[in-house]
Amino acid sequence: MDRHGFRLPAATAPDRTAGTAPTPVPVGRTSAVWRAARPGERLCLATGAALVLSGLAHLLVFAVDGGPWDGPVSWRKPVTFGLSFGLTLIAVTWVTSYLRIGARSRTVLLVVFAVDCVVEVAGITLQAWRHVPSHLNTTTPFDTAVAMTLAVGGGVLVVVLSAFAAAAFRHRPHGPSGMPLALRSGFAILMVALLSGAVMIARGVVLSRTGHQQAAYHSTAPLKPLHGVSLHAVLVLPALAWLLSRTAWSTTAKQRVLRAAVGVYTAAVLGAGVWAALAW
């Protein structure tokens, strides 16, 4: 128990083969979390919060301006991308503090990830205000530049998050009981989100380059539920593990609940995958 009154994850001796394990970012009162975070973590947490606020602000814009919620040109995109990227950045900043990875390597990867999140949301938001599609839009040289930037940014996301996932499986993460399972399961499911996103872009590019632009815009619909569900497992499952660590339940009971949650989440991902396959 620290001086702020909330329990920190149990300390674990660093794995010398993986570098010094970073100090876990505590979860508790906002002021205490902020003071305990390192400068790089503060940058990522603040950036994530700003992206979430951007998403919420565009929800208000949608309420005032109206228009369609679905489709390649709508206020839905800056709303959902702002919220998703913001929450994911905050989640990754937190959960990677449990990984056995060098502090400098982790900071570099997190900063790259934060910059990439801003670029992705900014590009999507810019195109929403211009009332043109953001992805797969090659109508003008400027639109092509934006679409290519978003595509390259997606590649950077895959590289960074794959590096964190590899670290989670290379060395057992530390933290409270159940956190290693939650982290590994969360990152494994996150890989499904990255794969489905890559498939959406690839299929859209093929349709766009063969002259089927409208079909390209609508081709991503079957995979969106799978992409959305699998994207946030890296937040939901570790958060559940942390919440369980705050209870007085036995270790066995906590593990059973967490395993059941992993099973339910996996079933949801499989269900979304089956639906995508049938609707493809």
# chains A, B, ... in the order shown; residues from 1 in each chain; ligands from 1
>>> residues_around(residues="region 232-240 of chain A", least_positions_apart="4", cutoff="8 Å", atoms="only C-alpha atoms", output="VMD selection string")
chain A and resid 88 91 to 92 95 179 182 to 183 185 to 187 189 to 190 228 244 258 261 to 262 265
>>> residues_around(residues="region 204-211 of chain A", least_positions_apart="6", cutoff="10 Å", atoms="only C-alpha atoms", output="NGL selection string")
:A and (135-138 or 198 or 217-220)
>>> residues_around(residues="Leu226 (chain A)", least_positions_apart="6", cutoff="9 Å", atoms="only C-alpha atoms", output="list in words")
Val192, Ala193, Ser196, Ala268, Val269, Leu270, Gly271, Ala272, Gly273, Trp275 and Ala276 of chain A
>>> residues_around(residues="region 251-257 of chain A", least_positions_apart="5", cutoff="8 Å", atoms="only C-alpha atoms", output="NGL selection string")
:A and (177-178 or 244-245)
>>> write_last_selection(atoms="N, CA and C atoms", output="CSV table (one decimal), in the first residue's frame")
chain,number,residue,atom,x,y,z
A,177,SER,N,-1.9,-11.4,-9.4
A,177,SER,CA,-2.3,-12.7,-9.9
A,177,SER,C,-3.3,-12.6,-11.1
A,178,GLY,N,-3.0,-13.3,-12.2
A,178,GLY,CA,-3.9,-13.3,-13.3
A,178,GLY,C,-3.4,-12.3,-14.4
A,244,LEU,N,-9.8,-7.7,-10.0
A,244,LEU,CA,-9.9,-8.9,-9.2
A,244,LEU,C,-8.8,-8.9,-8.1
A,245,SER,N,-7.6,-8.3,-8.4
A,245,SER,CA,-6.6,-8.2,-7.4
A,245,SER,C,-7.0,-7.4,-6.2
>>> closest_residue(among="A:Ala241, A:Leu59, A:Leu194, A:Ala267", to="Leu223 (chain A)", atoms="only C-alpha atoms")
A:Leu194
>>> residues_around(residues="Leu150 (chain A)", least_positions_apart="4", cutoff="8 Å", atoms="only C-alpha atoms", output="list of chain:residue names")
A:Val119, A:Glu120, A:Gly123, A:His135, A:Val146, A:Gly154
>>> select_by_dssp(residues="region 56-209 of chain A", states="alpha helix (DSSP H)", output="PyMOL selection string")
chain A and resi 56-65+76-95+103-129+141-170+179-209
>>> closest_residue(among="A:Val79, A:Ala37, A:Val160, A:Ala167", to="Val111 (chain A)", atoms="only C-alpha atoms")
A:Val160
